[in-house]
file entry.cif (mmCIF, C-alpha atoms)
data_start
#
loop_
_atom_site.label_atom_id
_atom_site.label_comp_id
_atom_site.auth_asym_id
_atom_site.auth_seq_id
_atom_site.Cartn_x
_atom_site.Cartn_y
_atom_site.Cartn_z
CA MET A 217 50.64 40.70 -24.15
CA LYS A 218 52.13 44.00 -23.11
CA VAL A 219 54.49 45.59 -25.64
CA ILE A 220 57.63 46.97 -23.98
CA SER A 221 58.87 50.13 -25.72
CA GLU A 222 62.14 50.24 -27.64
CA THR A 223 63.42 52.99 -25.34
CA THR A 224 63.16 50.62 -22.35
CA TYR A 225 65.20 48.01 -24.22
CA TYR A 226 67.92 50.55 -25.10
CA ILE A 227 68.08 51.79 -21.48
CA ILE A 228 68.34 48.21 -20.13
CA CYS A 229 71.04 47.35 -22.69
CA GLY A 230 72.98 50.52 -21.78
CA SER A 231 72.83 49.80 -18.06
CA LEU A 232 73.92 46.18 -18.67
CA LEU A 233 77.00 47.47 -20.54
CA VAL A 234 77.73 49.95 -17.71
CA PHE A 235 77.43 47.14 -15.15
CA THR A 236 79.86 45.03 -17.24
CA VAL A 237 82.49 47.79 -17.10
CA LEU A 238 81.71 48.16 -13.38
CA THR A 239 82.33 44.42 -12.85
CA TYR A 240 85.73 44.75 -14.47
CA LEU A 241 86.69 47.90 -12.52
CA ALA A 242 85.50 46.40 -9.22
CA ALA A 243 87.75 43.39 -9.84
CA LEU A 244 90.79 45.71 -10.10
CA VAL A 245 90.25 46.99 -6.54
CA ASP A 246 91.52 44.78 -3.72
CA LEU A 247 88.50 44.08 -1.49
CA GLY A 248 89.76 40.74 -0.18
CA GLU A 249 86.95 38.23 0.23
CA TRP A 250 84.43 40.89 -0.84
CA ASN A 251 85.63 40.91 -4.45
CA LEU A 252 83.64 37.73 -5.08
CA VAL A 253 80.57 39.06 -3.25
CA VAL A 254 80.58 42.34 -5.20
CA ALA A 255 81.03 40.50 -8.52
CA LEU A 256 78.13 38.16 -7.72
CA ILE A 257 75.85 41.02 -6.60
CA ILE A 258 76.51 42.92 -9.86
CA ALA A 259 75.89 39.71 -11.86
CA ALA A 260 72.63 39.13 -9.95
CA VAL A 261 71.46 42.70 -10.69
CA LYS A 262 72.29 42.22 -14.39
CA GLY A 263 70.50 38.85 -14.43
CA SER A 264 67.43 40.38 -12.76
CA LEU A 265 67.30 43.22 -15.31
CA ILE A 266 67.41 40.68 -18.15
CA ILE A 267 64.72 38.46 -16.59
CA LEU A 268 62.41 41.36 -15.69
CA PHE A 269 62.63 43.39 -18.91
CA PHE A 270 64.34 41.48 -21.75
CA MET A 271 62.42 38.32 -20.81
CA HIS A 272 59.50 40.58 -19.74
CA ALA A 273 58.85 38.48 -16.60
CA ARG A 274 57.67 41.71 -14.95
CA TYR A 275 54.60 41.65 -17.19
CA SER A 276 54.12 37.85 -17.21
CA SER A 277 51.44 35.88 -15.39
CA HIS A 278 51.81 34.90 -11.74
CA LEU A 279 52.16 31.31 -12.90
CA THR A 280 55.39 32.28 -14.71
CA TRP A 281 56.63 34.01 -11.55
CA MET A 282 56.02 30.78 -9.66
CA VAL A 283 58.13 28.81 -12.15
CA ILE A 284 60.97 31.34 -11.83
CA GLY A 285 60.64 31.19 -8.04
CA ALA A 286 60.73 27.39 -8.13
CA ALA A 287 63.89 27.46 -10.30
CA LEU A 288 65.65 29.72 -7.79
CA LEU A 289 64.36 27.68 -4.84
CA TRP A 290 65.79 24.42 -6.23
CA LEU A 291 69.05 26.12 -7.12
CA GLY A 292 69.13 27.42 -3.54
CA ILE A 293 68.58 23.90 -2.16
CA LEU A 294 71.37 22.56 -4.40
CA PHE A 295 73.78 25.22 -3.16
CA SER A 296 72.85 25.41 0.51
CA LEU A 297 72.82 21.66 1.16
CA THR A 298 76.09 21.04 -0.74
CA LEU A 299 77.93 24.00 0.77
CA SER A 300 76.65 23.28 4.29
CA ASP A 301 78.81 20.18 4.01
CA TYR A 302 81.93 21.50 2.27
CA LEU A 303 82.15 24.85 4.09
CA THR A 304 81.87 23.28 7.56
CA ARG A 305 84.54 20.58 7.21
CA ILE A 306 86.77 21.80 10.03
CA PRO A 307 89.23 19.22 11.40
CA PHE A 308 87.68 17.91 14.63
CA ALA A 309 90.88 18.47 16.66
CA SER A 310 90.86 22.22 16.04
CA VAL A 311 87.31 22.44 17.41
CA LEU A 312 88.38 20.73 20.66
CA ILE A 313 91.13 23.33 21.35
CA PHE A 314 88.57 26.12 21.70
CA MET B 36 50.19 35.47 -42.32
CA GLN B 37 48.63 32.04 -42.18
CA LYS B 38 44.95 31.89 -41.58
CA ALA B 39 44.93 28.67 -39.55
CA GLU B 40 47.16 30.23 -36.92
CA GLN B 41 44.62 32.88 -36.01
CA PHE B 42 42.47 30.28 -34.27
CA PRO B 43 43.50 28.54 -31.05
CA GLU B 44 44.00 24.77 -30.90
CA LEU B 45 41.02 22.79 -29.55
CA GLN B 46 42.22 22.60 -25.95
CA TYR B 47 42.60 26.38 -25.52
CA ARG B 48 39.96 28.97 -24.74
CA ASP B 49 41.60 31.69 -26.85
CA LEU B 50 44.87 32.70 -28.51
CA ASP B 51 46.12 34.47 -25.38
CA GLN B 52 45.76 31.31 -23.31
CA GLN B 53 47.54 29.30 -26.01
CA ARG B 54 50.42 31.79 -26.10
CA GLU B 55 50.70 31.79 -22.32
CA ALA B 56 50.83 27.97 -22.24
CA ALA B 57 53.67 27.94 -24.78
CA GLU B 58 55.57 30.58 -22.84
CA LEU B 59 55.07 28.73 -19.56
CA GLY B 60 56.43 25.54 -21.16
CA MET B 61 59.54 27.46 -22.24
CA TRP B 62 60.07 28.80 -18.70
CA ILE B 63 59.81 25.27 -17.29
CA PHE B 64 62.41 24.09 -19.82
CA LEU B 65 64.69 26.95 -18.79
CA THR B 66 64.28 25.87 -15.14
CA THR B 67 65.71 22.45 -15.99
CA GLU B 68 68.50 24.19 -17.93
CA LEU B 69 69.31 26.33 -14.90
CA LEU B 70 69.71 23.21 -12.75
CA LEU B 71 71.92 21.62 -15.44
CA PHE B 72 74.27 24.61 -15.23
CA GLY B 73 73.73 24.70 -11.45
CA GLY B 74 75.55 21.37 -11.15
CA LEU B 75 78.61 22.90 -12.80
CA PHE B 76 78.39 26.07 -10.71
CA ILE B 77 78.29 24.08 -7.46
CA SER B 78 81.31 22.01 -8.57
CA TYR B 79 83.06 25.28 -9.28
CA ALA B 80 82.18 26.60 -5.80
CA VAL B 81 83.45 23.45 -4.07
CA TYR B 82 86.74 23.31 -6.00
CA ARG B 83 87.38 27.03 -5.69
CA HIS B 84 86.93 26.54 -1.94
CA THR B 85 89.42 23.63 -2.07
CA TYR B 86 92.08 25.38 -4.21
CA PRO B 87 91.58 29.16 -3.71
CA GLU B 88 95.13 30.30 -4.60
CA VAL B 89 95.53 27.90 -7.53
CA PHE B 90 92.20 29.06 -9.02
CA ALA B 91 93.28 32.72 -8.69
CA GLU B 92 96.61 31.95 -10.36
CA ALA B 93 95.04 29.87 -13.15
CA SER B 94 92.41 32.59 -13.75
CA ARG B 95 95.23 34.97 -14.72
CA HIS B 96 95.92 32.76 -17.75
CA LEU B 97 92.54 33.79 -19.23
CA ASP B 98 92.29 36.77 -21.55
CA THR B 99 90.34 39.37 -19.54
CA VAL B 100 90.02 41.72 -22.53
CA ILE B 101 88.40 39.07 -24.75
CA GLY B 102 86.19 38.05 -21.80
CA THR B 103 84.94 41.62 -21.21
CA VAL B 104 84.44 42.31 -24.93
CA ASN B 105 82.54 39.02 -25.29
CA THR B 106 80.22 39.99 -22.41
CA GLY B 107 79.43 43.25 -24.23
CA ILE B 108 78.92 41.41 -27.53
CA LEU B 109 76.45 39.02 -25.92
CA ILE B 110 74.51 41.87 -24.27
CA ILE B 111 74.21 43.67 -27.64
CA SER B 112 73.04 40.43 -29.29
CA SER B 113 70.38 40.22 -26.57
CA LEU B 114 69.26 43.75 -27.42
CA GLY B 115 68.85 42.59 -31.04
CA MET B 116 66.62 39.72 -29.89
CA ALA B 117 64.57 42.04 -27.64
CA LEU B 118 64.03 44.42 -30.58
CA ALA B 119 63.01 41.44 -32.74
CA VAL B 120 60.15 40.66 -30.33
CA TYR B 121 59.17 44.33 -30.37
CA GLY B 122 59.15 44.21 -34.19
CA ALA B 123 57.02 41.05 -34.22
CA GLN B 124 54.53 42.49 -31.72
CA THR B 125 54.09 45.78 -33.59
CA ALA B 126 54.31 44.33 -37.14
CA LYS B 127 57.52 46.27 -37.84
CA ARG B 128 59.11 43.86 -40.30
CA LYS B 129 62.48 45.66 -40.54
CA ARG B 130 62.96 45.66 -36.74
CA LEU B 131 62.15 41.97 -36.59
CA LEU B 132 64.55 40.96 -39.41
CA PHE B 133 67.42 43.28 -38.40
CA GLY B 134 67.07 42.32 -34.73
CA LEU B 135 67.42 38.64 -35.61
CA ILE B 136 70.33 39.29 -38.02
CA ALA B 137 72.11 41.38 -35.35
CA ALA B 138 71.73 38.52 -32.86
CA ILE B 139 73.17 36.01 -35.36
CA VAL B 140 76.12 38.29 -36.24
CA PHE B 141 77.01 39.14 -32.63
CA GLY B 142 76.44 35.55 -31.47
CA THR B 143 78.81 34.30 -34.18
CA ALA B 144 81.37 36.99 -33.25
CA PHE B 145 81.25 35.69 -29.65
CA MET B 146 81.90 32.14 -30.87
CA VAL B 147 84.85 33.27 -33.03
CA LEU B 148 86.50 35.08 -30.08
CA LYS B 149 85.83 32.05 -27.86
CA GLY B 150 87.47 29.84 -30.50
CA ILE B 151 90.57 32.08 -30.56
CA GLU B 152 90.76 31.79 -26.76
CA TYR B 153 90.43 28.00 -26.89
CA TYR B 154 93.19 27.86 -29.52
CA HIS B 155 95.54 29.90 -27.30
CA HIS B 156 94.83 27.61 -24.35
CA TYR B 157 95.65 24.67 -26.59
CA LEU B 158 98.96 26.27 -27.64
CA ASN B 159 99.81 27.11 -23.99
CA ALA B 160 99.20 23.47 -22.98
CA GLU B 161 96.20 24.40 -20.79
CA PHE B 162 93.74 21.94 -22.34
CA PRO B 163 93.24 19.01 -19.91
CA GLY B 164 92.94 15.73 -21.77
CA LEU B 165 94.34 17.06 -25.05
CA ARG B 166 97.43 19.07 -24.27
CA PHE B 167 98.30 19.88 -20.66
CA ASP B 168 101.58 20.74 -18.97
CA TYR B 169 101.73 18.67 -15.77
CA SER B 170 105.20 19.99 -14.81
CA VAL B 171 103.82 23.37 -13.55
CA PRO B 172 103.47 23.82 -9.77
CA ASP B 173 99.95 22.95 -8.46
CA ALA B 174 99.19 21.12 -11.72
CA LYS B 175 96.33 19.23 -10.02
CA GLY B 176 94.36 22.30 -9.01
CA LYS B 177 95.15 24.07 -12.26
CA GLN B 178 93.85 21.06 -14.16
CA VAL B 179 90.59 21.18 -12.16
CA PHE B 180 90.23 24.89 -12.92
CA PHE B 181 90.73 24.39 -16.63
CA PHE B 182 88.50 21.35 -16.68
CA LEU B 183 85.69 23.44 -15.14
CA TYR B 184 86.54 26.34 -17.47
CA PHE B 185 86.15 24.17 -20.57
CA ALA B 186 83.09 22.33 -19.23
CA MET B 187 81.26 25.54 -18.29
CA THR B 188 82.21 27.72 -21.26
CA GLY B 189 81.90 24.67 -23.55
CA LEU B 190 78.36 23.87 -22.41
CA HIS B 191 77.55 27.56 -22.75
CA ALA B 192 79.05 27.58 -26.28
CA ILE B 193 76.97 24.53 -27.26
CA HIS B 194 73.87 26.35 -26.05
CA LEU B 195 74.82 29.47 -27.97
CA THR B 196 75.40 27.41 -31.14
CA ILE B 197 71.93 25.88 -30.78
CA GLY B 198 70.61 29.41 -30.22
CA ILE B 199 72.24 30.70 -33.42
CA VAL B 200 70.79 27.79 -35.47
CA LEU B 201 67.39 28.42 -33.87
CA VAL B 202 67.50 32.14 -34.69
CA CYS B 203 68.51 31.32 -38.31
CA ILE B 204 65.34 29.20 -38.60
CA ILE B 205 63.24 31.97 -37.03
CA LEU B 206 64.82 34.47 -39.45
CA TYR B 207 63.85 32.27 -42.42
CA LEU B 208 60.26 31.99 -41.12
CA ALA B 209 60.10 35.73 -40.46
CA TYR B 210 61.41 36.39 -43.97
CA ARG B 211 58.60 34.16 -45.31
CA ARG B 212 56.14 36.38 -43.35
CA ARG B 213 55.01 33.61 -41.05
CA PHE B 214 54.69 35.88 -37.99
CA SER B 215 52.20 38.59 -37.12
CA PRO B 216 51.15 40.48 -33.96
CA ASP B 217 48.59 37.64 -33.54
CA TYR B 218 51.13 34.87 -33.78
CA TYR B 219 54.80 35.17 -32.85
CA THR B 220 55.26 32.43 -30.22
CA PRO B 221 58.39 30.91 -31.88
CA VAL B 222 60.10 34.34 -31.86
CA GLU B 223 59.09 34.80 -28.24
CA ASN B 224 60.42 31.43 -27.06
CA ALA B 225 63.68 31.69 -29.03
CA VAL B 226 64.21 35.09 -27.38
CA LEU B 227 63.65 33.63 -23.90
CA TYR B 228 66.23 30.93 -24.64
CA TRP B 229 68.74 33.45 -25.97
CA HIS B 230 68.44 35.69 -22.89
CA PHE B 231 68.85 32.68 -20.60
CA VAL B 232 72.14 31.76 -22.31
CA ASP B 233 73.19 35.41 -21.88
CA ILE B 234 72.49 35.29 -18.12
CA ILE B 235 74.64 32.16 -17.75
CA TRP B 236 77.56 33.97 -19.36
CA ILE B 237 77.04 37.03 -17.13
CA PHE B 238 77.72 34.78 -14.12
CA LEU B 239 80.55 32.81 -15.80
CA PHE B 240 82.49 35.95 -16.72
CA PRO B 241 83.41 37.26 -13.23
CA LEU B 242 83.71 33.74 -11.77
CA LEU B 243 86.23 32.49 -14.35
CA TYR B 244 88.02 35.59 -15.67
CA LEU B 245 88.14 37.99 -12.75
CA ILE B 246 89.49 36.05 -9.75
CA ASP B 247 91.88 38.38 -7.90
CA VAL B 248 92.98 40.24 -11.05
CA HIS B 249 94.11 43.16 -8.84
CA LYS B 250 97.13 41.21 -7.58
#
call {"tool": "encode", "arguments": {"input": "entry.cif", "output": "structure tokens"}}
result
Amino acid sequence: MKVISETTYYIICGSLLVFTVLTYLAALVDLGEWNLVVALIIAAVKGSLIILFFMHARYSSHLTWMVIGAALLWLGILFSLTLSDYLTRIPFASVLIF
Amino acid sequence: MQKAEQFPELQYRDLDQQREAAELGMWIFLTTELLLFGGLFISYAVYRHTYPEVFAEASRHLDTVIGTVNTGILIISSLGMALAVYGAQTAKRKRLLFGLIAAIVFGTAFMVLKGIEYYHHYLNAEFPGLRFDYSVPDAKGKQVFFFLYFAMTGLHAIHLTIGIVLVCIILYLAYRRRFSPDYYTPVENAVLYWHFVDIIWIFLFPLLYLIDVHK
């Protein structure tokens, strides 16, 4: 298995800490609905860095990639099907007015 | 180094294949873990959609400073685990041992801070089921927020506790010189687990602590 250098680990750790401060600072700015989106994008970037380098998925076999892909796919199904219900529950009367 | 571990088990072609199979099994386990947490995250999404203002108000009762510091602590503990794998792969015994010790120390520090937070919530009557003030406005939504807060951070804390115990065992085995560049699968899989728990927290932190803090 490929050995990832210590320097890479330190750089990834440093950028994760920077992103953490960034998450906090971004929350202090009023972006309305976009606060949540920005926070989730930063979290997703941090998660990807951890998966790719700390969990060295970048250097893992394609079979491992498939398992990670399957995990995200099922999480996506869980979210999209559930939210497609809850986010579209508009009272029927208000639809008729338009 | 144990001699028996330098040969693969009967069903494997070579040591690399055996290591890959063990790692793949760990990833599949983590997939099921992700869906376990996914159930809580989707509940959170639905209830935040139902009570947006109440969630924002209740979120302000969480200690943002402790939350941010804890995120940093967990990231540094992850660095310790990453360096432990590096130490195991390159037969650098000190890196391996100190990496594992750092992870245990920082992981425990996280748990202590989390415990202080829980204690404050208990004192402030924000602990649904144990001690909760129902006379506040929007008590229903606030109760849902704190229920999800304790369920999500609690499940995360249980995972972290298991992780700390696991790393203690790995540390003992590493101290007894059970690992070598040829065989370090337990270190590897414990590290994967630890990083997974870290990722969960990275998503929990902004979702629970940082709702509309600018107001």
call {"tool": "interface_residues", "arguments": {"input": "entry.cif", "of": "chain B", "to": "chain A", "cutoff": "7 Å", "atoms": "only C-alpha atoms", "output": "PyMOL selection string"}}
result
chain B and resi 59+62-63+66+70+73+77+81+107+110-111+114+117-118+121+124+227+230+234+237-238+241+245+247-249
call {"tool": "resolve_selection", "arguments": {"input": "entry.cif", "expression": "the PyMOL selection byres ((chain B and resi 225) around 10)", "output": "PyMOL selection string"}}
result
chain B and resi 61+116+120+198-199+201-202+205+220-224+226-231
call {"tool": "resolve_selection", "arguments": {"input": "entry.cif", "expression": "the PyMOL selection byres ((chain B and resi 213-217) around 7)", "output": "MDAnalysis selection string"}}
result
chainID B and resid 36:37 41 123:126 208:209 211:212 218:219
call {"tool": "atom_distance", "arguments": {"input": "entry.cif", "atom1": "atom CA of Gly74 of chain B", "atom2": "atom CA of Gly142 of chain B"}}
result
24.8 Å
call {"tool": "resolve_selection", "arguments": {"input": "entry.cif", "expression": "the PyMOL selection byres ((chain B and resi 161) around 12)", "output": "MDAnalysis selection string"}}
result
chainID B and resid 93:94 96:97 152:160 162:171 174:175 177:185
call {"tool": "atom_distance", "arguments": {"input": "entry.cif", "atom1": "atom CA of Leu75 of chain B", "atom2": "atom CA of Leu190 of chain B"}}
result
9.7 Å
call {"tool": "atom_distance", "arguments": {"input": "entry.cif", "atom1": "atom CA of Val200 of chain B", "atom2": "atom CA of Leu268 of chain A"}}
result
25.4 Å
call {"tool": "residues_near_point", "arguments": {"input": "entry.cif", "point": "(43.8, 29.9, -32.1)", "cutoff": "12 Å", "atoms": "all atoms listed in the file", "output": "ChimeraX atom specification"}}
result
/B:37-54,217-218,220
